[in-house]
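Have a look at the structure below, then the notes.
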Amino acid sequence: MLSDLADGVLTLTFNRPERLNAWTEALGTRYFDLLTEAERDPAVRVIVVTGAGRGFCAGADFQTLTALQDGTLEAFTERRPNTFPVSVRKPVIAAVNGACAGLGMVHALVCDLVFTAAEAKWTTAFSRRGLIAEYGLAWVLPKLVGQARALDLLLSGRTFTGEEAAGLGLALRAVPREELAGVVGDYARDLARNSSPASMAVIKRQVWGDWDLGLDDSRTAAERLMAESFGRPDFAEGVASYLEKRPPEFPPFTG
């Protein structure tokens, strides 16, 4: 796993290009460790996740799957769930540069925003491996694309392009592969420069957490959170920077 921090944006890169960055226990543990460190690091405001080489993440490594089938591996021993990025209190952006399959697709969609190379190949793959919709994907997919489209992608296990992924609503934008890093970098740096880290942390929690709330409960929670935001220095700075027509200087997120 590669890690690079610049301008408040931490880029994490799955780095097993010879295996299309197929997921292993060691890769997952390192990824989650880096996310945990990033959440605590005041210099990190936004996190970008991508893959080295031609793939984003081609799913679980087949050596691991074979070991599971043979009963020689006691499943993944990583104690944090594969939905762990949802709990990180900073924006996590997936830059899907290539193959995005199975567990790799799960890890793209539990990021807060997804950008994809238009030519990237996506697939759920599970039904074609005798598996089921893993790690909450049966919950996430229908909320993103609707029940019929989710069932199409899960039941067929068909391969589709990043361009279609964006059209379905799985990705915010699809761009040519050679433009992906620049487009994502510009977007992430804009968030890091101009958006309050505290506000982004609360908004992320609202969006992921309110999926299971009714409208009244969501509104009531928002009223409480808004009252809390009035007492933060971010609110004073946001108003002052707007009135003074200057870039904001929001404090780092401290939790």
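Ligands are numbered from 1 in the order shown, chains are lettered A, B, ... in the order of the structure tokens, and residues start at 1 in each chain.
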
For the contact check between region 176-252 of chain A and region 99-119 of chain A, emit one row per residue of region 176-252 of chain A within 9 Å, containing the shortest atom pair and the distance in Å rounded to one decimal, counting only C-alpha atoms, chain then rising number order, as JSON lines.
{"residue": "A:Pro176", "atom": "CA", "partner": "A:Ala117", "partner_atom": "CA", "distance": 5.3}
{"residue": "A:Arg177", "atom": "CA", "partner": "A:Ala117", "partner_atom": "CA", "distance": 4.5}
{"residue": "A:Glu178", "atom": "CA", "partner": "A:Ala117", "partner_atom": "CA", "distance": 8.1}
{"residue": "A:Glu179", "atom": "CA", "partner": "A:Ala117", "partner_atom": "CA", "distance": 8.1}
{"residue": "A:Leu180", "atom": "CA", "partner": "A:Ala117", "partner_atom": "CA", "distance": 6.1}
{"residue": "A:Val183", "atom": "CA", "partner": "A:Phe115", "partner_atom": "CA", "distance": 8.6}
{"residue": "A:Val184", "atom": "CA", "partner": "A:Phe115", "partner_atom": "CA", "distance": 7.0}
{"residue": "A:Lys204", "atom": "CA", "partner": "A:Asp112", "partner_atom": "CA", "distance": 7.7}
{"residue": "A:Trp208", "atom": "CA", "partner": "A:Asp112", "partner_atom": "CA", "distance": 8.8}

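For region 24-161 of chain A, backbone-based DSSP assignment of strand (DSSP E) covers Val46, Ile47, Val48, Val49, Thr50, Gly51, Gly55, Phe56, Cys57, Val92, Ile93, Ala94, Ala95, Val96, Ala99, Cys100, Ala101, Leu113, Val114, Phe115, Thr116, Ala117, Lys121, Trp122, Thr123, Phe160 and Thr161 of chain A.
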
key: Contact residues around region 90-93 of chain A with only C-alpha atoms at 10 Å, ignoring same-chain residues under 3 positions, as a PyMOL selection string   = chain A and resi 9-11+35+38-40+44-50+85-87+96+108-115+184-185+187-188+191-192+197-205+253

query = Got a sec: who's within 7 Å of region 127-138 of chain A, counting only C-alpha atoms, leaving out chain neighbours fewer than 6 positions off, as a ChimeraX atom specification?
reply = /A:82,106,154-157

Residue contacts of region 235-248 of chain A (10 Å, only C-alpha atoms) excluding same-chain residues fewer than 2 positions away, as a PyMOL selection string = chain A and resi 193-196+198-199+229-233+250-251

Which polymer residues have any atom within 10 Å of an atom of Gly28 (chain A), counting only C-alpha atoms, with same-chain residues fewer than 3 positions away left out, as a PDB file with N, CA and C atoms, in the first residue's frame?
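Contents of result.pdb, as written:
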ATOM      1  N   MET A   1       0.852  -1.185   0.000  1.00  0.00           N
ATOM      2  CA  MET A   1       0.000   0.000   0.000  1.00  0.00           C
ATOM      3  C   MET A   1       0.885   1.232   0.000  1.00  0.00           C
ATOM      4  N   PHE A  14      -3.549   0.976  -3.639  1.00  0.00           N
ATOM      5  CA  PHE A  14      -3.385  -0.474  -3.579  1.00  0.00           C
ATOM      6  C   PHE A  14      -2.232  -0.834  -4.501  1.00  0.00           C
ATOM      7  N   TRP A  23      -7.355  -8.389  -3.400  1.00  0.00           N
ATOM      8  CA  TRP A  23      -7.423  -8.162  -1.960  1.00  0.00           C
ATOM      9  C   TRP A  23      -6.856  -9.340  -1.173  1.00  0.00           C
ATOM     10  N   THR A  24      -6.014  -9.045  -0.223  1.00  0.00           N
ATOM     11  CA  THR A  24      -5.517 -10.045   0.725  1.00  0.00           C
ATOM     12  C   THR A  24      -5.730  -9.507   2.130  1.00  0.00           C
ATOM     13  N   GLU A  25      -5.600 -10.374   3.109  1.00  0.00           N
ATOM     14  CA  GLU A  25      -5.728  -9.940   4.499  1.00  0.00           C
ATOM     15  C   GLU A  25      -4.691  -8.871   4.830  1.00  0.00           C
ATOM     16  N   TYR A  31      -4.437  -1.143   4.701  1.00  0.00           N
ATOM     17  CA  TYR A  31      -5.350  -0.099   4.224  1.00  0.00           C
ATOM     18  C   TYR A  31      -6.128   0.497   5.390  1.00  0.00           C
ATOM     19  N   PHE A  32      -6.704  -0.345   6.219  1.00  0.00           N
ATOM     20  CA  PHE A  32      -7.488   0.144   7.342  1.00  0.00           C
ATOM     21  C   PHE A  32      -6.611   0.849   8.376  1.00  0.00           C
ATOM     22  N   ASP A  33      -5.388   0.369   8.566  1.00  0.00           N
ATOM     23  CA  ASP A  33      -4.462   1.051   9.468  1.00  0.00           C
ATOM     24  C   ASP A  33      -4.164   2.470   8.972  1.00  0.00           C
ATOM     25  N   LEU A  34      -3.954   2.596   7.674  1.00  0.00           N
ATOM     26  CA  LEU A  34      -3.667   3.915   7.107  1.00  0.00           C
ATOM     27  C   LEU A  34      -4.875   4.834   7.197  1.00  0.00           C
ATOM     28  N   PHE A  76     -11.097 -14.233   6.568  1.00  0.00           N
ATOM     29  CA  PHE A  76     -10.248 -13.075   6.828  1.00  0.00           C
ATOM     30  C   PHE A  76     -10.274 -12.786   8.324  1.00  0.00           C
ATOM     31  N   GLU A  78      -9.015 -10.031   9.747  1.00  0.00           N
ATOM     32  CA  GLU A  78      -9.108  -8.593   9.993  1.00  0.00           C
ATOM     33  C   GLU A  78     -10.419  -8.303  10.720  1.00  0.00           C
ATOM     34  N   ARG A  80     -11.798  -5.358  11.595  1.00  0.00           N
ATOM     35  CA  ARG A  80     -12.611  -4.241  11.139  1.00  0.00           C
ATOM     36  C   ARG A  80     -13.395  -4.674   9.909  1.00  0.00           C
ATOM     37  N   PRO A  81     -14.668  -4.299   9.813  1.00  0.00           N
ATOM     38  CA  PRO A  81     -15.482  -4.763   8.689  1.00  0.00           C
ATOM     39  C   PRO A  81     -15.033  -4.124   7.385  1.00  0.00           C
ATOM     40  N   ASN A  82     -15.398  -4.745   6.278  1.00  0.00           N
ATOM     41  CA  ASN A  82     -15.041  -4.179   4.980  1.00  0.00           C
ATOM     42  C   ASN A  82     -15.771  -2.868   4.708  1.00  0.00           C
TER      43      ASN A  82
END

message = Using DSSP secondary structure from the backbone, list all alpha helix (DSSP H) positions within region 151-228 of chain A, as an NGL selection string.
response = :A and (151-156 or 162-168 or 177-194 or 197-209 or 215-228)

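Closest approach to Leu2 (chain A) among A:Ala58, A:Leu27, A:Ala22, A:Leu168: A:Leu27, based on only C-alpha atoms.
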
request  = Compile the contact shell of region 219-222 of chain A as number ranges by chain: residues with an atom at most 12 Å away, counting only C-alpha atoms, same-chain residues fewer than 2 positions apart removed.
outcome  = A: 202-203, 205-207, 209-210, 213-217, 224-229

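The smallest atom-to-atom distance between Asn15 (chain A) and any of A:Arg89, A:Arg79, A:Arg30, A:Lys121, using only C-alpha atoms, is found for A:Arg30.
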